[in-house]
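What follows is the content of data-v3.cif, which has mmCIF, C-alpha atoms and all ligand atoms:
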data_start
loop_
_atom_site.label_atom_id
_atom_site.label_comp_id
_atom_site.auth_asym_id
_atom_site.auth_seq_id
_atom_site.Cartn_x
_atom_site.Cartn_y
_atom_site.Cartn_z
CA MET A 1 -30.83 0.10 -32.30
CA HIS A 2 -29.43 -2.82 -30.35
CA MET A 3 -26.01 -1.92 -28.99
CA GLN A 4 -23.50 -4.26 -27.41
CA GLU A 5 -20.39 -2.92 -25.73
CA ALA A 6 -17.11 -4.68 -26.47
CA ASN A 7 -16.41 -7.84 -24.48
CA ARG A 8 -13.35 -6.27 -22.87
CA LEU A 9 -15.64 -3.61 -21.36
CA LYS A 10 -18.05 -6.25 -20.13
CA ARG A 11 -15.22 -7.75 -18.13
CA LEU A 12 -14.83 -4.54 -16.15
CA PRO A 13 -16.68 -4.28 -12.85
CA LEU A 14 -18.99 -1.29 -12.42
CA TYR A 15 -16.79 1.65 -11.44
CA LEU A 16 -16.74 1.73 -7.66
CA PHE A 17 -17.51 5.40 -7.29
CA THR A 18 -20.58 5.13 -9.50
CA ILE A 19 -22.13 2.79 -6.92
CA ILE A 20 -20.99 4.98 -4.02
CA ASP A 21 -22.42 8.08 -5.73
CA GLU A 22 -25.83 6.41 -5.89
CA LEU A 23 -25.69 5.58 -2.17
CA LYS A 24 -24.54 9.11 -1.39
CA ASP A 25 -27.30 10.62 -3.46
CA LYS A 26 -29.91 8.57 -1.63
CA ALA A 27 -28.52 9.53 1.81
CA MET A 28 -28.47 13.19 0.77
CA LYS A 29 -32.07 13.07 -0.38
CA GLU A 30 -32.97 11.63 3.01
CA GLY A 31 -31.46 14.75 4.58
CA LYS A 32 -28.12 13.28 5.75
CA GLU A 33 -25.06 15.51 5.85
CA ILE A 34 -22.43 13.82 3.68
CA ILE A 35 -18.86 13.62 5.00
CA ASP A 36 -16.94 12.14 2.14
CA PHE A 37 -13.76 10.10 2.65
CA GLY A 38 -14.50 8.08 -0.48
CA MET A 39 -12.38 9.24 -3.35
CA GLY A 40 -8.68 10.17 -3.16
CA ASN A 41 -9.47 13.55 -4.66
CA PRO A 42 -7.33 16.27 -3.00
CA ASP A 43 -9.48 19.08 -1.55
CA GLN A 44 -6.77 21.73 -1.19
CA PRO A 45 -6.33 24.40 -3.89
CA THR A 46 -3.41 24.32 -6.33
CA PRO A 47 -0.74 26.74 -5.00
CA LYS A 48 -1.03 30.31 -6.32
CA HIS A 49 2.34 30.49 -8.08
CA ILE A 50 1.34 27.45 -10.19
CA VAL A 51 -2.10 28.86 -11.07
CA ASP A 52 -0.46 32.22 -11.92
CA GLU A 53 1.93 30.53 -14.33
CA LEU A 54 -0.96 28.78 -16.06
CA CYS A 55 -2.84 32.07 -16.49
CA LYS A 56 0.26 33.85 -17.76
CA LYS A 57 1.07 31.19 -20.32
CA ALA A 58 -2.56 30.80 -21.42
CA ARG A 59 -2.40 34.32 -22.89
CA PHE A 60 0.05 33.35 -25.65
CA LYS A 61 -1.62 32.08 -28.78
CA GLU A 62 1.27 29.75 -29.64
CA ASN A 63 0.42 27.83 -26.46
CA HIS A 64 -3.05 26.96 -27.75
CA ARG A 65 -1.91 24.54 -30.45
CA TYR A 66 -1.41 20.78 -30.23
CA SER A 67 1.64 19.87 -28.19
CA ARG A 68 4.43 18.01 -29.99
CA SER A 69 7.41 16.40 -28.31
CA ILE A 70 9.83 18.71 -30.18
CA ASP A 71 8.03 21.84 -28.97
CA LYS A 72 9.74 24.18 -26.52
CA SER A 73 7.27 23.53 -23.71
CA GLU A 74 7.79 19.75 -23.83
CA ILE A 75 11.55 20.03 -24.04
CA LEU A 76 11.52 22.32 -21.00
CA LEU A 77 9.08 20.07 -19.15
CA ARG A 78 11.16 16.92 -19.73
CA ASP A 79 14.24 18.84 -18.62
CA SER A 80 12.49 20.04 -15.46
CA ILE A 81 11.28 16.53 -14.65
CA ALA A 82 14.85 15.21 -14.97
CA LYS A 83 16.11 17.99 -12.66
CA TRP A 84 13.35 17.34 -10.10
CA TYR A 85 14.09 13.62 -10.24
CA HIS A 86 17.78 14.06 -9.71
CA LYS A 87 17.25 16.38 -6.78
CA LYS A 88 14.71 14.07 -5.17
CA PHE A 89 16.17 10.62 -5.82
CA GLY A 90 19.75 11.22 -6.97
CA VAL A 91 18.97 9.41 -10.24
CA THR A 92 20.15 10.90 -13.54
CA LEU A 93 17.69 10.73 -16.45
CA ASP A 94 18.18 11.63 -20.08
CA PRO A 95 15.33 14.13 -20.63
CA GLY A 96 15.04 13.22 -24.31
CA SER A 97 14.62 9.47 -23.98
CA GLU A 98 14.05 8.58 -20.32
CA VAL A 99 11.20 10.99 -19.52
CA LEU A 100 7.67 10.91 -20.95
CA PRO A 101 4.98 13.45 -19.95
CA LEU A 102 1.51 11.97 -19.46
CA ILE A 103 -2.04 13.32 -19.27
CA GLY A 104 -2.09 12.18 -15.67
CA SER A 105 -0.34 9.01 -14.53
CA LYS A 106 -3.59 7.01 -14.76
CA GLU A 107 -3.56 7.53 -18.53
CA GLY A 108 0.01 6.25 -18.79
CA ILE A 109 -0.65 3.23 -16.57
CA ALA A 110 -3.65 2.16 -18.69
CA HIS A 111 -1.71 2.67 -21.91
CA LEU A 112 1.27 0.66 -20.69
CA SER A 113 -0.92 -2.46 -20.79
CA LEU A 114 -2.27 -1.51 -24.21
CA ALA A 115 1.27 -0.98 -25.47
CA PHE A 116 2.63 -4.36 -24.41
CA LEU A 117 -0.01 -6.99 -23.82
CA ASN A 118 -1.13 -9.49 -26.44
CA ASN A 119 -4.10 -11.75 -25.64
CA GLU A 120 -1.85 -14.53 -24.35
CA ASP A 121 0.32 -12.27 -22.19
CA ILE A 122 -0.02 -12.10 -18.44
CA ALA A 123 0.22 -8.95 -16.34
CA LEU A 124 0.99 -9.49 -12.65
CA VAL A 125 -0.86 -7.16 -10.32
CA PRO A 126 -0.85 -7.27 -6.51
CA SER A 127 -4.36 -7.30 -5.06
CA PRO A 128 -5.63 -5.00 -3.61
CA ALA A 129 -4.36 -2.27 -5.94
CA TYR A 130 -5.23 1.08 -7.44
CA PRO A 131 -7.93 -0.01 -9.93
CA VAL A 132 -6.31 1.09 -13.20
CA HIS A 133 -3.43 -1.30 -12.51
CA PHE A 134 -5.76 -4.27 -13.09
CA ASN A 135 -8.54 -2.70 -15.17
CA GLY A 136 -5.97 -1.43 -17.68
CA VAL A 137 -4.94 -5.04 -18.26
CA LEU A 138 -8.56 -6.07 -18.92
CA ILE A 139 -9.15 -3.15 -21.29
CA ALA A 140 -6.01 -4.10 -23.21
CA GLY A 141 -7.28 -7.68 -23.53
CA GLY A 142 -4.37 -9.19 -21.60
CA ILE A 143 -4.56 -11.87 -18.91
CA LEU A 144 -4.74 -10.52 -15.38
CA HIS A 145 -2.97 -12.49 -12.68
CA ASN A 146 -3.72 -11.13 -9.22
CA ILE A 147 -1.05 -11.65 -6.62
CA PRO A 148 -2.77 -11.55 -3.22
CA VAL A 149 -0.88 -9.40 -0.74
CA TYR A 150 -1.47 -9.63 2.99
CA GLU A 151 -1.18 -7.43 6.04
CA LYS A 152 1.18 -9.96 7.69
CA ASP A 153 3.66 -9.51 4.78
CA GLY A 154 3.41 -5.72 4.89
CA TYR A 155 1.40 -6.02 1.66
CA LEU A 156 4.52 -6.91 -0.32
CA PRO A 157 4.06 -9.63 -2.97
CA ARG A 158 5.95 -12.90 -2.69
CA LEU A 159 7.15 -12.94 -6.28
CA LYS A 160 9.45 -15.92 -5.86
CA GLU A 161 6.46 -18.12 -5.02
CA LEU A 162 4.73 -17.51 -8.35
CA PRO A 163 4.55 -20.69 -10.44
CA LYS A 164 6.72 -20.96 -13.54
CA GLU A 165 3.66 -21.38 -15.83
CA ILE A 166 2.64 -17.89 -14.78
CA THR A 167 5.99 -16.12 -14.79
CA SER A 168 6.97 -17.58 -18.18
CA LYS A 169 3.95 -15.87 -19.76
CA ALA A 170 4.20 -12.68 -17.69
CA LYS A 171 5.22 -9.56 -19.56
CA LEU A 172 4.34 -6.85 -17.05
CA LEU A 173 4.39 -6.38 -13.30
CA PHE A 174 2.69 -3.43 -11.65
CA LEU A 175 3.81 -2.23 -8.23
CA SER A 176 3.04 0.85 -6.16
CA TYR A 177 4.65 1.87 -2.85
CA PRO A 178 3.62 3.92 -0.90
CA ASN A 179 0.47 2.04 -1.74
CA ASN A 180 -3.08 3.03 -2.44
CA PRO A 181 -5.21 1.60 -0.81
CA THR A 182 -3.17 -0.27 1.83
CA THR A 183 -0.77 2.64 2.65
CA ALA A 184 2.06 0.07 2.76
CA THR A 185 5.57 1.26 2.00
CA ALA A 186 8.48 -0.74 0.58
CA PRO A 187 12.15 -0.49 1.52
CA LEU A 188 14.79 -0.09 -1.19
CA GLU A 189 15.89 -3.65 -0.41
CA PHE A 190 12.53 -4.93 -1.66
CA PHE A 191 13.00 -3.03 -4.93
CA ARG A 192 16.50 -4.55 -5.25
CA GLU A 193 15.03 -8.04 -5.03
CA VAL A 194 12.24 -7.17 -7.48
CA VAL A 195 14.67 -5.76 -10.05
CA ASP A 196 16.90 -8.80 -9.74
CA TRP A 197 13.88 -11.13 -10.11
CA GLY A 198 12.37 -9.13 -13.01
CA LYS A 199 15.63 -9.18 -14.92
CA LYS A 200 15.91 -12.95 -14.66
CA LYS A 201 12.27 -13.40 -15.79
CA ASN A 202 12.39 -10.72 -18.50
CA ILE A 203 9.39 -8.85 -17.10
CA ILE A 204 8.76 -5.12 -17.52
CA ILE A 205 8.09 -3.45 -14.17
CA GLY A 206 5.84 -0.41 -13.90
CA HIS A 207 6.19 1.21 -10.49
CA ASP A 208 3.54 3.79 -9.58
CA LEU A 209 5.04 6.36 -7.19
CA ALA A 210 2.08 8.73 -7.01
CA TYR A 211 2.62 9.40 -3.28
CA SER A 212 6.36 10.11 -3.27
CA ASP A 213 5.77 13.41 -1.46
CA ILE A 214 2.93 12.44 0.84
CA VAL A 215 5.09 11.02 3.61
CA PHE A 216 5.17 11.53 7.39
CA ASP A 217 7.43 11.16 10.41
CA ASN A 218 10.71 11.41 8.43
CA TYR A 219 9.83 8.54 6.12
CA ARG A 220 11.35 8.88 2.63
CA ALA A 221 9.75 6.97 -0.25
CA PRO A 222 12.48 5.55 -2.51
CA SER A 223 12.27 5.32 -6.29
CA ILE A 224 12.73 1.89 -7.86
CA LEU A 225 15.19 3.57 -10.22
CA GLU A 226 17.58 4.07 -7.30
CA VAL A 227 18.40 0.37 -7.70
CA LYS A 228 21.43 -0.19 -9.90
CA GLY A 229 20.36 -1.66 -13.23
CA ALA A 230 16.66 -0.86 -12.68
CA LYS A 231 16.54 1.12 -15.90
CA ASP A 232 17.08 -2.14 -17.79
CA MET A 233 13.36 -2.96 -17.49
CA CYS A 234 11.65 -0.57 -15.07
CA ILE A 235 9.62 2.52 -15.59
CA GLU A 236 8.13 4.64 -12.84
CA PHE A 237 4.96 6.72 -12.87
CA HIS A 238 4.69 10.09 -11.13
CA THR A 239 2.02 12.74 -10.88
CA CYS A 240 1.54 16.38 -9.95
CA SER A 241 -1.98 15.52 -8.73
CA LYS A 242 -1.12 14.75 -5.12
CA SER A 243 2.09 16.67 -4.38
CA TYR A 244 0.80 19.96 -5.83
CA ASN A 245 -2.98 19.48 -5.53
CA MET A 246 -3.28 19.45 -9.32
CA ALA A 247 -5.60 16.46 -9.70
CA GLY A 248 -7.92 18.11 -12.21
CA TRP A 249 -5.09 19.50 -14.32
CA ARG A 250 -4.04 16.08 -15.63
CA LEU A 251 -0.29 16.10 -15.51
CA GLY A 252 1.82 13.07 -14.79
CA PHE A 253 4.97 11.52 -16.21
CA ALA A 254 6.80 8.26 -16.63
CA VAL A 255 10.55 7.86 -16.35
CA GLY A 256 12.98 4.99 -16.81
CA ASN A 257 13.69 2.44 -19.54
CA LYS A 258 13.89 4.27 -22.84
CA ASP A 259 12.59 1.43 -25.00
CA VAL A 260 9.53 0.90 -22.83
CA LEU A 261 8.89 4.66 -22.86
CA ALA A 262 9.32 4.82 -26.66
CA THR A 263 6.66 2.12 -27.09
CA LEU A 264 4.38 3.90 -24.64
CA ALA A 265 4.94 7.17 -26.53
CA LYS A 266 4.19 5.43 -29.82
CA THR A 267 0.89 4.11 -28.40
CA LYS A 268 -0.05 7.54 -27.12
CA SER A 269 0.86 9.25 -30.39
CA TYR A 270 -2.08 7.47 -32.05
CA ILE A 271 -4.46 8.44 -29.27
CA ASP A 272 -3.69 11.88 -27.82
CA PHE A 273 -2.05 15.20 -28.67
CA GLY A 274 -0.19 15.83 -25.46
CA ILE A 275 -0.87 18.16 -22.56
CA PHE A 276 -2.21 21.73 -22.90
CA LYS A 277 0.99 23.80 -23.04
CA PRO A 278 0.09 26.30 -20.28
CA ILE A 279 -0.38 23.28 -17.99
CA GLN A 280 3.09 22.08 -18.95
CA TYR A 281 4.58 25.46 -18.00
CA ALA A 282 2.63 25.43 -14.74
CA ALA A 283 4.01 21.95 -13.99
CA ILE A 284 7.55 23.25 -14.57
CA GLU A 285 6.81 25.96 -12.01
CA ALA A 286 5.47 23.30 -9.62
CA LEU A 287 8.50 21.00 -9.97
CA LEU A 288 11.24 23.63 -9.92
CA GLY A 289 9.61 26.39 -7.86
CA SER A 290 9.41 26.62 -4.08
CA GLN A 291 8.52 23.32 -2.43
CA ALA A 292 7.11 25.04 0.67
CA CYS A 293 3.61 24.24 -0.61
CA VAL A 294 4.38 20.51 -0.53
CA LYS A 295 5.45 20.79 3.13
CA GLU A 296 2.20 22.60 3.93
CA THR A 297 0.17 19.90 2.20
CA ILE A 298 1.98 17.19 4.17
CA LEU A 299 1.25 18.99 7.44
CA ILE A 300 -2.45 19.20 6.59
CA TYR A 301 -2.66 15.46 5.86
CA LYS A 302 -0.59 14.59 8.92
CA LYS A 303 -2.94 16.51 11.21
CA ARG A 304 -5.97 14.87 9.59
CA ARG A 305 -4.35 11.44 9.81
CA ASP A 306 -3.69 11.90 13.53
CA VAL A 307 -7.20 13.17 14.26
CA LEU A 308 -8.84 10.32 12.34
CA VAL A 309 -6.63 7.51 13.61
CA ASN A 310 -6.74 8.68 17.23
CA GLY A 311 -10.46 9.34 16.99
CA LEU A 312 -11.23 5.90 15.60
CA ARG A 313 -8.99 4.22 18.15
CA LYS A 314 -10.75 6.08 20.94
CA ILE A 315 -14.14 4.75 19.86
CA GLY A 316 -12.76 1.21 19.73
CA TRP A 317 -11.81 0.84 16.05
CA ASP A 318 -8.13 -0.06 16.06
CA VAL A 319 -6.74 1.21 12.76
CA PRO A 320 -3.07 1.44 11.77
CA LEU A 321 -1.20 4.76 11.56
CA PRO A 322 0.12 5.16 7.99
CA ASN A 323 3.52 6.76 7.38
CA ALA A 324 2.70 7.68 3.79
CA THR A 325 -0.24 8.43 1.41
CA PHE A 326 -3.38 10.29 2.46
CA TYR A 327 -5.38 7.18 3.25
CA VAL A 328 -6.24 5.09 6.27
CA TRP A 329 -6.79 1.40 5.48
CA ALA A 330 -8.96 -0.15 8.14
CA ARG A 331 -10.11 -3.69 8.79
CA ILE A 332 -13.89 -3.81 9.24
CA PRO A 333 -14.62 -3.77 13.01
CA ASP A 334 -15.16 -7.27 14.46
CA LYS A 335 -18.78 -6.49 15.23
CA TYR A 336 -19.46 -6.15 11.49
CA SER A 337 -16.98 -8.70 10.18
CA ALA A 338 -19.82 -10.84 8.80
CA LEU A 339 -20.60 -8.07 6.31
CA THR A 340 -18.82 -7.62 2.99
CA SER A 341 -16.94 -4.35 2.68
CA MET A 342 -19.64 -3.07 0.30
CA GLU A 343 -22.39 -4.00 2.77
CA PHE A 344 -20.51 -2.29 5.59
CA VAL A 345 -19.97 0.85 3.49
CA SER A 346 -23.65 0.90 2.49
CA LEU A 347 -24.59 0.64 6.17
CA ILE A 348 -22.36 3.56 7.19
CA ILE A 349 -23.56 5.77 4.36
CA ARG A 350 -27.21 4.92 5.00
CA GLU A 351 -27.03 5.41 8.78
CA THR A 352 -24.58 8.31 9.05
CA GLY A 353 -23.87 9.96 5.70
CA VAL A 354 -20.15 9.21 6.20
CA VAL A 355 -18.66 7.87 2.97
CA VAL A 356 -15.69 5.49 2.84
CA ALA A 357 -14.50 3.27 0.00
CA PRO A 358 -15.08 -0.51 0.21
CA GLY A 359 -11.92 -2.61 0.03
CA THR A 360 -13.29 -4.67 -2.86
CA GLY A 361 -13.22 -1.57 -5.04
CA PHE A 362 -9.49 -2.27 -5.15
CA GLY A 363 -9.79 -5.93 -6.09
CA GLU A 364 -11.08 -9.09 -4.46
CA TYR A 365 -8.30 -9.22 -1.87
CA GLY A 366 -9.45 -5.88 -0.51
CA GLU A 367 -12.40 -7.70 1.05
CA GLY A 368 -12.68 -7.18 4.79
CA TYR A 369 -11.32 -3.61 4.66
CA VAL A 370 -12.44 -0.06 3.98
CA ARG A 371 -10.39 2.96 2.96
CA PHE A 372 -10.66 6.50 4.28
CA ALA A 373 -9.22 9.28 2.06
CA LEU A 374 -8.10 12.24 4.18
CA VAL A 375 -9.84 14.82 2.01
CA GLU A 376 -12.11 16.27 4.68
CA ASN A 377 -11.01 18.92 7.20
CA VAL A 378 -10.27 18.28 10.88
CA GLU A 379 -13.63 19.53 12.16
CA ARG A 380 -15.53 17.29 9.79
CA ILE A 381 -13.26 14.34 10.62
CA LYS A 382 -14.13 14.77 14.30
CA LYS A 383 -17.81 14.94 13.43
CA ALA A 384 -17.53 11.81 11.28
CA VAL A 385 -15.85 9.89 14.11
CA GLN A 386 -18.80 10.70 16.41
CA LYS A 387 -21.22 9.47 13.76
CA ILE A 388 -19.23 6.25 13.27
CA LYS A 389 -19.25 5.79 17.06
CA ARG A 390 -23.04 5.38 16.83
CA ILE A 391 -22.60 2.59 14.30
CA LEU A 392 -20.17 0.78 16.57
CA GLU A 393 -22.58 1.10 19.49
CA MET A 394 -25.66 0.11 17.50
CA GLU A 395 -27.54 -3.06 18.40
CA THR A 396 -27.01 -5.62 15.64
C1 LIG A 401 -1.62 4.98 -6.84
C2 LIG A 401 -2.20 6.01 -7.75
N1 LIG A 401 -1.72 6.11 -8.98
C3 LIG A 401 -2.20 7.00 -9.85
C4 LIG A 401 -3.25 7.82 -9.51
C5 LIG A 401 -3.81 8.77 -10.54
O1 LIG A 401 -3.03 9.90 -10.64
P1 LIG A 401 -3.23 10.92 -11.82
O2 LIG A 401 -4.08 12.03 -11.31
O3 LIG A 401 -1.84 11.37 -12.16
O4 LIG A 401 -3.86 10.20 -12.98
C6 LIG A 401 -3.79 7.76 -8.23
C7 LIG A 401 -4.94 8.61 -7.85
O5 LIG A 401 -5.59 8.43 -6.87
C8 LIG A 401 -3.25 6.81 -7.34
O6 LIG A 401 -3.73 6.69 -6.10
#
Please render this file's structure as structure tokens.
Amino acid sequence: MHMQEANRLKRLPLYLFTIIDELKDKAMKEGKEIIDFGMGNPDQPTPKHIVDELCKKARFKENHRYSRSIDKSEILLRDSIAKWYHKKFGVTLDPGSEVLPLIGSKEGIAHLSLAFLNNEDIALVPSPAYPVHFNGVLIAGGILHNIPVYEKDGYLPRLKELPKEITSKAKLLFLSYPNNPTTATAPLEFFREVVDWGKKKNIIIGHDLAYSDIVFDNYRAPSILEVKGAKDMCIEFHTCSKSYNMAGWRLGFAVGNKDVLATLAKTKSYIDFGIFKPIQYAAIEALLGSQACVKETILIYKKRRDVLVNGLRKIGWDVPLPNATFYVWARIPDKYSALTSMEFVSLIIRETGVVVAPGTGFGEYGEGYVRFALVENVERIKKAVQKIKRILEMET
């Protein structure tokens, strides 16, 4: 049988981590010890009180059925999300219409494009970005318009400089601060300007706040919904994956404009049957229970951040110190600046077994950079730095 995948799939680049996995596999077979900073996949266990709640609730047979939005678990979950939101950001949400649980925020982000984009509609996406922000647009068959963002601008997009031919066709704008991969953060003032601009242009704004809790040195990550009037056209994506080390559980949520959320919910209703109810109860426990576990997680990442950044600086690789996210976004050292980020990553994996993500995995404007995810422990970070030192000292 001759099979052809759909054109919209052909437009997608090969998933970055598939390529990295092949390189890793090869290095492993050659006997290299792999120290993996590639994927932003939290390595810490989900806190016990959350796991306990899952186990407890899994014992009830009524929790094994499909989840409907009128079911007790979903009503309680939406209520808990609204409470968590109010406590964290001081923003009041109507749990019935302004909160939508998701099977992980990645699912919701991809479906937002599917829900709104026709073939002639443009989605604006800063580049570099978390891949589903732009790949979701391609899967939906919309037109992707990358907005290059640069270190010198703090990786904030210059929206006012976009030509009218683009903005008049734009229906969606994706943003995400604290940012993966650049680690950039945005002040509330930036969100004020974006909301004001978006309102004038009639553009829906999807802000991805996956790293709201992963912040250091007294930094607080604001929600775009703190801006007055933001609910007119903004929604915001959140996740339990990072704050509570629940990446595999698949629980996220979107909050904000009720019409946008209703359309997203409609799209999802034809595709999925909600989240396993025991996971919903466990998420309620996560959001409303003790937040001591979040503080512990932050301390772990902070220590790792300091060890990695100081270590790299000591061996002559001057990387910035992030004040949020669990990543370090590093310009390729001058000595190797002739290499593409993928070539540089291949070299490090081949020579040392240390895995980092190439900047181009996050879009073309990620070229020239690599990303470290702080998902290895301090001892292994120190070991990795020594291995990288060899690369920096190598004859080229
Ligand atoms: C910016 C950003 N958004 C969303 C996600 C995905 O989160 P979830 O596990 O909720 O799908 C990630 C995961 O790395 C991320 O970095």
At a cut-off of 9 Å, can you tabulate as JSON lines every residue of chain A near ligand LIG 401 (chain A) together with its closest atom pair and the distance in Å to one decimal, using only C-alpha atoms and all ligand atoms and ordering rows by chain then number?
{"residue": "A:Met39", "atom": "CA", "partner": "A:LIG401", "partner_atom": "O5", "distance": 7.7}
{"residue": "A:Gly40", "atom": "CA", "partner": "A:LIG401", "partner_atom": "O5", "distance": 5.1}
{"residue": "A:Asn41", "atom": "CA", "partner": "A:LIG401", "partner_atom": "O5", "distance": 6.8}
{"residue": "A:Pro42", "atom": "CA", "partner": "A:LIG401", "partner_atom": "O5", "distance": 8.9}
{"residue": "A:Leu102", "atom": "CA", "partner": "A:LIG401", "partner_atom": "O3", "distance": 8.1}
{"residue": "A:Ile103", "atom": "CA", "partner": "A:LIG401", "partner_atom": "O4", "distance": 7.3}
{"residue": "A:Gly104", "atom": "CA", "partner": "A:LIG401", "partner_atom": "O3", "distance": 3.6}
{"residue": "A:Ser105", "atom": "CA", "partner": "A:LIG401", "partner_atom": "O3", "distance": 3.7}
{"residue": "A:Lys106", "atom": "CA", "partner": "A:LIG401", "partner_atom": "O4", "distance": 3.7}
{"residue": "A:Glu107", "atom": "CA", "partner": "A:LIG401", "partner_atom": "O4", "distance": 6.2}
{"residue": "A:Gly108", "atom": "CA", "partner": "A:LIG401", "partner_atom": "O4", "distance": 8.0}
{"residue": "A:Ile109", "atom": "CA", "partner": "A:LIG401", "partner_atom": "C3", "distance": 7.9}
{"residue": "A:Ala129", "atom": "CA", "partner": "A:LIG401", "partner_atom": "C1", "distance": 7.8}
{"residue": "A:Tyr130", "atom": "CA", "partner": "A:LIG401", "partner_atom": "C1", "distance": 5.3}
{"residue": "A:Pro131", "atom": "CA", "partner": "A:LIG401", "partner_atom": "C2", "distance": 8.6}
{"residue": "A:Val132", "atom": "CA", "partner": "A:LIG401", "partner_atom": "C3", "distance": 7.9}
{"residue": "A:His133", "atom": "CA", "partner": "A:LIG401", "partner_atom": "N1", "distance": 8.4}
{"residue": "A:Ser176", "atom": "CA", "partner": "A:LIG401", "partner_atom": "C1", "distance": 6.3}
{"residue": "A:Tyr177", "atom": "CA", "partner": "A:LIG401", "partner_atom": "C1", "distance": 8.1}
{"residue": "A:Pro178", "atom": "CA", "partner": "A:LIG401", "partner_atom": "C1", "distance": 8.0}
{"residue": "A:Asn179", "atom": "CA", "partner": "A:LIG401", "partner_atom": "C1", "distance": 6.2}
{"residue": "A:Asn180", "atom": "CA", "partner": "A:LIG401", "partner_atom": "C1", "distance": 5.0}
{"residue": "A:Pro181", "atom": "CA", "partner": "A:LIG401", "partner_atom": "O6", "distance": 7.5}
{"residue": "A:Asp208", "atom": "CA", "partner": "A:LIG401", "partner_atom": "N1", "distance": 5.8}
{"residue": "A:Leu209", "atom": "CA", "partner": "A:LIG401", "partner_atom": "C1", "distance": 6.8}
{"residue": "A:Ala210", "atom": "CA", "partner": "A:LIG401", "partner_atom": "N1", "distance": 5.0}
{"residue": "A:Tyr211", "atom": "CA", "partner": "A:LIG401", "partner_atom": "C1", "distance": 7.1}
{"residue": "A:Phe237", "atom": "CA", "partner": "A:LIG401", "partner_atom": "N1", "distance": 7.8}
{"residue": "A:His238", "atom": "CA", "partner": "A:LIG401", "partner_atom": "O3", "distance": 6.7}
{"residue": "A:Thr239", "atom": "CA", "partner": "A:LIG401", "partner_atom": "O3", "distance": 4.3}
{"residue": "A:Cys240", "atom": "CA", "partner": "A:LIG401", "partner_atom": "O3", "distance": 6.4}
{"residue": "A:Ser241", "atom": "CA", "partner": "A:LIG401", "partner_atom": "O2", "distance": 4.8}
{"residue": "A:Lys242", "atom": "CA", "partner": "A:LIG401", "partner_atom": "O2", "distance": 7.4}
{"residue": "A:Met246", "atom": "CA", "partner": "A:LIG401", "partner_atom": "O2", "distance": 7.7}
{"residue": "A:Ala247", "atom": "CA", "partner": "A:LIG401", "partner_atom": "O2", "distance": 5.0}
{"residue": "A:Gly248", "atom": "CA", "partner": "A:LIG401", "partner_atom": "O2", "distance": 7.2}
{"residue": "A:Trp249", "atom": "CA", "partner": "A:LIG401", "partner_atom": "O2", "distance": 8.1}
{"residue": "A:Arg250", "atom": "CA", "partner": "A:LIG401", "partner_atom": "O2", "distance": 5.9}
{"residue": "A:Leu251", "atom": "CA", "partner": "A:LIG401", "partner_atom": "O3", "distance": 6.0}
{"residue": "A:Gly252", "atom": "CA", "partner": "A:LIG401", "partner_atom": "O3", "distance": 4.8}
{"residue": "A:Phe253", "atom": "CA", "partner": "A:LIG401", "partner_atom": "O3", "distance": 7.9}
{"residue": "A:Thr325", "atom": "CA", "partner": "A:LIG401", "partner_atom": "O6", "distance": 8.5}
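Here atom CA of Glu379 of chain A is placed at a distance of 14.3 Å from atom CA of Asp43 of chain A.
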- Message: At a cut-off of 8 Å, using all atoms listed in the file, what residues contact Tyr301 of chain A? Leave out same-chain residues fewer than 3 positions from it and give the result as a ChimeraX atom specification.
- Response: /A:297-298,304-305,326,374
Please tabulate, as a Markdown table, the residues of segment 168-211 of chain A that come within 9 Å of segment 115-123 of chain A, each with its closest pair of atoms and the distance in Å to one decimal, counting all atoms listed in the file and ordering rows by chain, then residue number upward.
| residue | atom | partner | partner_atom | distance |
| --- | --- | --- | --- | --- |
| A:Ser168 | CA | A:Ile122 | CA | 8.9 |
| A:Lys169 | CA | A:Ile122 | CA | 5.6 |
| A:Ala170 | CA | A:Ile122 | CA | 4.3 |
| A:Lys171 | CA | A:Ile122 | CA | 5.9 |
| A:Leu172 | CA | A:Ala123 | CA | 4.7 |
| A:Leu173 | CA | A:Ala123 | CA | 5.8 |
| A:Phe174 | CA | A:Ala123 | CA | 7.7 |
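Here atom CA of Ile235 of chain A stands at a distance of 4.3 Å from atom CA of Gly256 of chain A.
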- Looking at only C-alpha atoms, which of A:Thr167, A:Thr92, A:Ser113, A:Ser346 is the one that sits closest to Glu226 of chain A? A:Thr92
- Item | Selection near segment 276-286 of chain A, 7 Å with only C-alpha atoms, sequence-local residues under 2 positions removed, as a ChimeraX atom specification | /A:50-51,53-54,57-58,63-64,67,73,77,80,244,274,288-289
- Item | Distance in Å - atom CA of Glu74 of chain A versus atom CA of Asp213 of chain A | 23.3 Å
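Among the candidate residues A:Arg192, A:His111, A:Lys56, A:Lys268, the one lying nearest to Ser223 of chain A is A:Arg192, with distances computed using only C-alpha atoms.
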Edge lengths and centre in Å, axis-aligned, segment 217-220 of chain A plus 6 Å each side, as AutoDock Vina command-line options:
--center_x 9.4 --center_y 10.0 --center_z 6.5 --size_x 15.9 --size_y 14.9 --size_z 19.8
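In this comparison, which uses only C-alpha atoms, the residue of A:Asp232, A:Glu364, A:His207, A:Glu296 approaching Ile147 of chain A most closely is A:Glu364.
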- Message: Could you list, as an MDAnalysis selection string, every residue within 12 Å of Val91 of chain A, counting only C-alpha atoms and ignoring same-chain residues fewer than 5 positions away?
- Response: chainID A and resid 81:86 98 222:231 255:256
- Message: Would you pick out the contacts of Asp259 of chain A at 9 Å or less, using all atoms listed in the file, so that residues sharing its chain but fewer than 2 positions from it are not included, and give the list as an MDAnalysis selection string?
- Response: chainID A and resid 97:98 233 256:257 261:264
